[in-house]
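What follows is the content of start_14.pdb (PDB, C-alpha atoms).
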```pdb
MODEL        1
ATOM      1  CA  MET U   1     -32.836 -52.535 -37.018  1.00  0.00           C
ATOM      2  CA  ASP U   2     -32.435 -51.047 -40.503  1.00  0.00           C
ATOM      3  CA  LEU U   3     -33.656 -47.471 -40.167  1.00  0.00           C
ATOM      4  CA  PRO U   4     -34.763 -45.476 -43.207  1.00  0.00           C
ATOM      5  CA  GLU U   5     -33.096 -42.347 -44.465  1.00  0.00           C
ATOM      6  CA  LEU U   6     -34.799 -39.779 -46.672  1.00  0.00           C
ATOM      7  CA  GLU U   7     -33.305 -37.339 -49.159  1.00  0.00           C
ATOM      8  CA  THR U   8     -34.698 -34.134 -50.543  1.00  0.00           C
ATOM      9  CA  GLU U   9     -33.122 -31.656 -52.916  1.00  0.00           C
ATOM     10  CA  ARG U  10     -31.043 -30.054 -50.128  1.00  0.00           C
ATOM     11  CA  LEU U  11     -31.424 -32.314 -47.088  1.00  0.00           C
ATOM     12  CA  ARG U  12     -30.467 -35.768 -45.942  1.00  0.00           C
ATOM     13  CA  LEU U  13     -32.736 -37.008 -43.156  1.00  0.00           C
ATOM     14  CA  ARG U  14     -30.655 -39.601 -41.341  1.00  0.00           C
ATOM     15  CA  GLN U  15     -30.231 -41.143 -37.922  1.00  0.00           C
ATOM     16  CA  PHE U  16     -28.503 -39.094 -35.261  1.00  0.00           C
ATOM     17  CA  ARG U  17     -24.908 -39.959 -34.416  1.00  0.00           C
ATOM     18  CA  GLU U  18     -22.807 -39.247 -31.357  1.00  0.00           C
ATOM     19  CA  SER U  19     -20.843 -36.714 -33.422  1.00  0.00           C
ATOM     20  CA  ASP U  20     -24.051 -34.629 -33.804  1.00  0.00           C
ATOM     21  CA  LEU U  21     -24.183 -33.725 -30.105  1.00  0.00           C
ATOM     22  CA  ASP U  22     -22.153 -30.497 -30.306  1.00  0.00           C
ATOM     23  CA  ALA U  23     -24.233 -29.069 -33.169  1.00  0.00           C
ATOM     24  CA  TYR U  24     -27.497 -30.322 -31.646  1.00  0.00           C
ATOM     25  CA  ALA U  25     -26.632 -28.767 -28.266  1.00  0.00           C
ATOM     26  CA  ARG U  26     -25.857 -25.460 -30.028  1.00  0.00           C
ATOM     27  CA  ILE U  27     -29.158 -25.521 -31.960  1.00  0.00           C
ATOM     28  CA  THR U  28     -31.320 -26.508 -28.977  1.00  0.00           C
ATOM     29  CA  GLY U  29     -29.379 -24.178 -26.676  1.00  0.00           C
ATOM     30  CA  ASP U  30     -30.543 -21.115 -28.605  1.00  0.00           C
ATOM     31  CA  PRO U  31     -33.416 -19.405 -26.722  1.00  0.00           C
ATOM     32  CA  GLU U  32     -35.015 -18.024 -29.911  1.00  0.00           C
ATOM     33  CA  THR U  33     -34.925 -21.403 -31.672  1.00  0.00           C
ATOM     34  CA  MET U  34     -36.530 -23.110 -28.664  1.00  0.00           C
ATOM     35  CA  ARG U  35     -39.051 -20.368 -27.841  1.00  0.00           C
ATOM     36  CA  HIS U  36     -41.976 -22.331 -29.340  1.00  0.00           C
ATOM     37  CA  ILE U  37     -40.707 -25.862 -28.651  1.00  0.00           C
ATOM     38  CA  ALA U  38     -41.932 -27.963 -25.703  1.00  0.00           C
ATOM     39  CA  ARG U  39     -41.725 -25.759 -22.593  1.00  0.00           C
ATOM     40  CA  GLY U  40     -40.237 -22.855 -24.523  1.00  0.00           C
ATOM     41  CA  GLU U  41     -36.815 -22.991 -22.900  1.00  0.00           C
ATOM     42  CA  PRO U  42     -33.389 -23.726 -24.379  1.00  0.00           C
ATOM     43  CA  PHE U  43     -31.635 -26.985 -23.512  1.00  0.00           C
ATOM     44  CA  ASP U  44     -28.333 -27.122 -21.712  1.00  0.00           C
ATOM     45  CA  ARG U  45     -25.860 -29.713 -23.036  1.00  0.00           C
ATOM     46  CA  GLU U  46     -27.127 -32.439 -20.692  1.00  0.00           C
ATOM     47  CA  GLN U  47     -30.744 -31.826 -21.771  1.00  0.00           C
ATOM     48  CA  ALA U  48     -29.670 -31.934 -25.420  1.00  0.00           C
ATOM     49  CA  CYS U  49     -27.957 -35.268 -24.795  1.00  0.00           C
ATOM     50  CA  ARG U  50     -31.082 -36.642 -23.066  1.00  0.00           C
ATOM     51  CA  SER U  51     -33.214 -35.330 -25.935  1.00  0.00           C
ATOM     52  CA  LEU U  52     -31.086 -37.291 -28.415  1.00  0.00           C
ATOM     53  CA  GLY U  53     -31.493 -40.373 -26.202  1.00  0.00           C
ATOM     54  CA  HIS U  54     -35.256 -39.895 -26.332  1.00  0.00           C
ATOM     55  CA  VAL U  55     -35.139 -39.528 -30.127  1.00  0.00           C
ATOM     56  CA  LEU U  56     -33.151 -42.754 -30.518  1.00  0.00           C
ATOM     57  CA  ALA U  57     -35.384 -44.642 -28.061  1.00  0.00           C
ATOM     58  CA  HIS U  58     -38.480 -43.541 -29.984  1.00  0.00           C
ATOM     59  CA  TRP U  59     -37.032 -45.151 -33.129  1.00  0.00           C
ATOM     60  CA  ARG U  60     -36.323 -48.363 -31.240  1.00  0.00           C
ATOM     61  CA  ILE U  61     -39.751 -48.551 -29.586  1.00  0.00           C
ATOM     62  CA  ARG U  62     -42.001 -47.191 -32.362  1.00  0.00           C
ATOM     63  CA  GLY U  63     -40.004 -47.988 -35.500  1.00  0.00           C
ATOM     64  CA  PHE U  64     -40.076 -44.355 -36.650  1.00  0.00           C
ATOM     65  CA  GLY U  65     -39.014 -41.007 -35.249  1.00  0.00           C
ATOM     66  CA  LEU U  66     -37.114 -37.778 -35.743  1.00  0.00           C
ATOM     67  CA  TRP U  67     -34.253 -37.662 -38.203  1.00  0.00           C
ATOM     68  CA  ALA U  68     -31.140 -35.531 -38.060  1.00  0.00           C
ATOM     69  CA  ALA U  69     -31.604 -32.957 -40.830  1.00  0.00           C
ATOM     70  CA  GLU U  70     -28.260 -32.614 -42.586  1.00  0.00           C
ATOM     71  CA  ASP U  71     -27.440 -30.087 -45.291  1.00  0.00           C
ATOM     72  CA  LYS U  72     -26.341 -32.266 -48.226  1.00  0.00           C
ATOM     73  CA  LYS U  73     -23.904 -29.688 -49.554  1.00  0.00           C
ATOM     74  CA  SER U  74     -22.020 -28.923 -46.312  1.00  0.00           C
ATOM     75  CA  ALA U  75     -22.908 -32.050 -44.242  1.00  0.00           C
ATOM     76  CA  ALA U  76     -23.800 -29.654 -41.390  1.00  0.00           C
ATOM     77  CA  LEU U  77     -26.573 -30.572 -38.966  1.00  0.00           C
ATOM     78  CA  VAL U  78     -29.334 -27.989 -39.474  1.00  0.00           C
ATOM     79  CA  GLY U  79     -32.009 -29.443 -37.185  1.00  0.00           C
ATOM     80  CA  ARG U  80     -34.355 -32.350 -36.622  1.00  0.00           C
ATOM     81  CA  ILE U  81     -37.388 -33.319 -38.675  1.00  0.00           C
ATOM     82  CA  GLY U  82     -39.635 -36.315 -38.460  1.00  0.00           C
ATOM     83  CA  LEU U  83     -42.405 -38.232 -36.810  1.00  0.00           C
ATOM     84  CA  LEU U  84     -43.454 -38.879 -33.217  1.00  0.00           C
ATOM     85  CA  ARG U  85     -46.221 -40.778 -31.516  1.00  0.00           C
ATOM     86  CA  ARG U  86     -47.390 -39.205 -28.269  1.00  0.00           C
ATOM     87  CA  GLU U  87     -48.949 -41.724 -25.913  1.00  0.00           C
ATOM     88  CA  GLY U  88     -52.740 -41.564 -26.085  1.00  0.00           C
ATOM     89  CA  TRP U  89     -52.895 -39.344 -29.185  1.00  0.00           C
ATOM     90  CA  ARG U  90     -54.765 -40.265 -32.339  1.00  0.00           C
ATOM     91  CA  GLY U  91     -52.226 -40.081 -35.086  1.00  0.00           C
ATOM     92  CA  VAL U  92     -48.597 -39.548 -35.887  1.00  0.00           C
ATOM     93  CA  GLU U  93     -47.082 -36.166 -35.104  1.00  0.00           C
ATOM     94  CA  LEU U  94     -45.040 -34.408 -37.782  1.00  0.00           C
ATOM     95  CA  ALA U  95     -42.430 -32.162 -36.151  1.00  0.00           C
ATOM     96  CA  TRP U  96     -39.584 -29.923 -37.260  1.00  0.00           C
ATOM     97  CA  LEU U  97     -36.885 -27.790 -35.663  1.00  0.00           C
ATOM     98  CA  VAL U  98     -34.382 -25.855 -37.767  1.00  0.00           C
ATOM     99  CA  ALA U  99     -31.383 -23.870 -36.550  1.00  0.00           C
ATOM    100  CA  ARG U 100     -32.165 -20.150 -36.390  1.00  0.00           C
ATOM    101  CA  GLU U 101     -29.417 -19.183 -38.828  1.00  0.00           C
ATOM    102  CA  ARG U 102     -31.168 -21.357 -41.461  1.00  0.00           C
ATOM    103  CA  TRP U 103     -34.689 -19.938 -40.956  1.00  0.00           C
ATOM    104  CA  GLY U 104     -36.393 -18.595 -44.048  1.00  0.00           C
ATOM    105  CA  GLU U 105     -34.706 -21.023 -46.463  1.00  0.00           C
ATOM    106  CA  GLY U 106     -37.650 -23.439 -46.708  1.00  0.00           C
ATOM    107  CA  LEU U 107     -35.760 -26.314 -45.101  1.00  0.00           C
ATOM    108  CA  ALA U 108     -38.529 -27.100 -42.588  1.00  0.00           C
ATOM    109  CA  THR U 109     -41.105 -27.346 -45.376  1.00  0.00           C
ATOM    110  CA  GLU U 110     -38.803 -29.404 -47.588  1.00  0.00           C
ATOM    111  CA  GLY U 111     -37.877 -31.886 -44.874  1.00  0.00           C
ATOM    112  CA  ALA U 112     -41.359 -32.075 -43.351  1.00  0.00           C
ATOM    113  CA  ARG U 113     -42.854 -32.771 -46.788  1.00  0.00           C
ATOM    114  CA  ALA U 114     -40.559 -35.815 -47.112  1.00  0.00           C
ATOM    115  CA  ALA U 115     -41.393 -36.984 -43.576  1.00  0.00           C
ATOM    116  CA  LEU U 116     -45.124 -36.571 -44.240  1.00  0.00           C
ATOM    117  CA  ALA U 117     -44.847 -38.614 -47.446  1.00  0.00           C
ATOM    118  CA  HIS U 118     -43.023 -41.313 -45.446  1.00  0.00           C
ATOM    119  CA  ALA U 119     -45.778 -41.329 -42.800  1.00  0.00           C
ATOM    120  CA  LEU U 120     -48.479 -41.733 -45.425  1.00  0.00           C
ATOM    121  CA  ALA U 121     -46.703 -44.241 -47.680  1.00  0.00           C
ATOM    122  CA  ALA U 122     -44.416 -46.322 -45.447  1.00  0.00           C
ATOM    123  CA  LEU U 123     -46.363 -46.147 -42.183  1.00  0.00           C
ATOM    124  CA  ARG U 124     -49.766 -45.933 -43.912  1.00  0.00           C
ATOM    125  CA  ALA U 125     -50.793 -43.377 -41.295  1.00  0.00           C
ATOM    126  CA  ARG U 126     -54.365 -42.162 -41.642  1.00  0.00           C
ATOM    127  CA  ARG U 127     -53.964 -39.113 -39.424  1.00  0.00           C
ATOM    128  CA  VAL U 128     -50.885 -36.910 -39.215  1.00  0.00           C
ATOM    129  CA  ILE U 129     -50.874 -33.986 -36.801  1.00  0.00           C
ATOM    130  CA  SER U 130     -48.578 -31.106 -35.944  1.00  0.00           C
ATOM    131  CA  VAL U 131     -48.577 -29.434 -32.544  1.00  0.00           C
ATOM    132  CA  ILE U 132     -47.739 -25.748 -32.990  1.00  0.00           C
ATOM    133  CA  ALA U 133     -47.604 -22.802 -30.611  1.00  0.00           C
ATOM    134  CA  PRO U 134     -50.389 -20.415 -31.750  1.00  0.00           C
ATOM    135  CA  GLU U 135     -47.921 -17.507 -31.980  1.00  0.00           C
ATOM    136  CA  ASN U 136     -45.467 -19.476 -34.162  1.00  0.00           C
ATOM    137  CA  ALA U 137     -46.506 -17.987 -37.515  1.00  0.00           C
ATOM    138  CA  ALA U 138     -43.593 -19.552 -39.413  1.00  0.00           C
ATOM    139  CA  SER U 139     -44.508 -23.101 -38.358  1.00  0.00           C
ATOM    140  CA  ILE U 140     -48.177 -22.448 -39.064  1.00  0.00           C
ATOM    141  CA  ARG U 141     -47.171 -21.453 -42.620  1.00  0.00           C
ATOM    142  CA  VAL U 142     -45.171 -24.699 -42.947  1.00  0.00           C
ATOM    143  CA  ALA U 143     -48.171 -26.763 -41.803  1.00  0.00           C
ATOM    144  CA  GLU U 144     -50.472 -24.970 -44.234  1.00  0.00           C
ATOM    145  CA  LYS U 145     -48.034 -25.451 -47.139  1.00  0.00           C
ATOM    146  CA  LEU U 146     -48.108 -29.174 -46.341  1.00  0.00           C
ATOM    147  CA  GLY U 147     -51.904 -29.238 -46.492  1.00  0.00           C
ATOM    148  CA  LEU U 148     -52.540 -29.594 -42.773  1.00  0.00           C
ATOM    149  CA  ARG U 149     -55.535 -27.733 -41.406  1.00  0.00           C
ATOM    150  CA  HIS U 150     -56.211 -26.270 -37.968  1.00  0.00           C
ATOM    151  CA  VAL U 151     -58.646 -28.452 -36.012  1.00  0.00           C
ATOM    152  CA  GLU U 152     -58.391 -27.491 -32.336  1.00  0.00           C
ATOM    153  CA  MET U 153     -56.577 -25.755 -29.504  1.00  0.00           C
ATOM    154  CA  ARG U 154     -55.284 -28.044 -26.773  1.00  0.00           C
ATOM    155  CA  GLN U 155     -53.171 -27.956 -23.625  1.00  0.00           C
ATOM    156  CA  VAL U 156     -49.850 -29.717 -24.300  1.00  0.00           C
ATOM    157  CA  GLU U 157     -47.042 -29.868 -21.743  1.00  0.00           C
ATOM    158  CA  GLY U 158     -48.566 -26.983 -19.810  1.00  0.00           C
ATOM    159  CA  ARG U 159     -48.976 -24.662 -22.823  1.00  0.00           C
ATOM    160  CA  ILE U 160     -51.797 -23.961 -25.238  1.00  0.00           C
ATOM    161  CA  ALA U 161     -51.102 -25.457 -28.669  1.00  0.00           C
ATOM    162  CA  SER U 162     -52.781 -25.337 -32.053  1.00  0.00           C
ATOM    163  CA  ILE U 163     -53.337 -28.774 -33.537  1.00  0.00           C
ATOM    164  CA  TYR U 164     -53.067 -29.066 -37.311  1.00  0.00           C
ATOM    165  CA  GLU U 165     -53.859 -32.314 -39.090  1.00  0.00           C
ATOM    166  CA  THR U 166     -54.320 -34.138 -42.314  1.00  0.00           C
ATOM    167  CA  ILE U 167     -56.523 -37.197 -42.560  1.00  0.00           C
ATOM    168  CA  THR U 168     -56.487 -39.924 -45.180  1.00  0.00           C
ATOM    169  CA  MET U 169     -59.090 -42.621 -45.412  1.00  0.00           C
ATOM    170  CA  SER U 170     -56.958 -45.697 -46.010  1.00  0.00           C
ATOM    171  CA  GLY U 171     -54.551 -47.636 -43.862  1.00  0.00           C
ATOM    172  CA  PRO U 172     -54.294 -48.367 -40.158  1.00  0.00           C
ATOM    173  CA  LEU U 173     -54.544 -45.623 -37.560  1.00  0.00           C
ATOM    174  CA  VAL U 174     -50.846 -45.409 -36.635  1.00  0.00           C
TER     175      VAL U 174
ENDMDL
END
```
Rewritten as C-alpha cells:
Amino acid sequence: MDLPELETERLRLRQFRESDLDAYARITGDPETMRHIARGEPFDREQACRSLGHVLAHWRIRGFGLWAAEDKKSAALVGRIGLLRREGWRGVELAWLVARERWGEGLATEGARAALAHALAALRARRVISVIAPENAASIRVAEKLGLRHVEMRQVEGRIASIYETITMSGPLV
C-alpha cells in the first residue's frame, strides 16, 4: 500500500516508523500533553507502542490515518496529525497532538490545515469533525483558524467533548 506523505513549510507528515517509538513514548508520556487527549492520562511505553499499532492499523483498514509530524529542519518527531474515522460517526475526524515543548509555534494549525486539505481533496470528505475537550482553548483556536465551527457537545470515551465541524456539499460521505 503506497501511503501518502504531506509537506508544509516546516513539517513533513509521514508514516510512523519503529524508530519513532522513543520520541512518541516521551510525547504521549507527558501528563500535560495528554491532559485533553482520550481519557486524559499519559501513556506508558507499552500504551504508546499499542497506540502506534492502532495508528498503523487504521491506515491499513481505512486507507487514511494519523501521520507522524516531523520537523523538516531537525527531523525530530514533534507529534501526530491526521485523520481518523470513528465507527458510527458521520464524517472524518481531524486530530492533532504536538509535543508540549513545541506548543505555541503554530505547528498544529499548519499540519492540520494540510491534513484537512487532504481530507477534502483526496478523500472527497463532505464532513470533517474535530473532537475537542471544552477546556482545551488552544485546540479550539486551531479548529476555528481552520474554519471549523462548534456544533454540539457529546460524550466521547467517558468525557464531555465539543464537536467542531466543516461541511462541504460535494463528494461521498467518508
- [ ] Would you list the residues near (-48.2, -31.4, -35.6), meaning any protein, DNA or RNA residue with an atom at most 8 Å from that point in file coordinates, counting all atoms listed in the file, as a ChimeraX atom specification?
- [x] /U:93-95,128-132,143,163-165
Task: Ground truth for the PyMOL selection byres ((chain U and resi 53) around 12), written as a PyMOL selection string - done: chain U and resi 15-18+21+46-52+54-60+65-66
Open item on the list: For this structure, which residues satisfy the selection - the PyMOL selection byres ((chain U and resi 69) around 7) - when it is evaluated on the file as given? I want them as a PyMOL selection string.
Closed with: chain U and resi 11-14+67-68+70-71+77-81
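Take the PyMOL selection byres ((chain U and resi 102) around 12) and apply it to this file: it picks Ile27, Thr33, Ala69, Glu70, Asp71, Ala76, Leu77, Val78, Gly79, Leu97, Val98, Ala99, Arg100, Glu101, Trp103, Gly104, Glu105, Gly106, Leu107 and Ala108 of chain U.
Note that atom CA of Leu3 of chain U and atom CA of Gly147 of chain U are 26.6 Å apart.
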Open item on the list: What does the structure give for the distance between atom CA of Arg62 of chain U and atom CA of Trp96 of chain U, in Å to one decimal?
Closed with: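 Straight-line distance from atom CA of Arg62 of chain U to atom CA of Trp96 of chain U works out to 18.1 Å.
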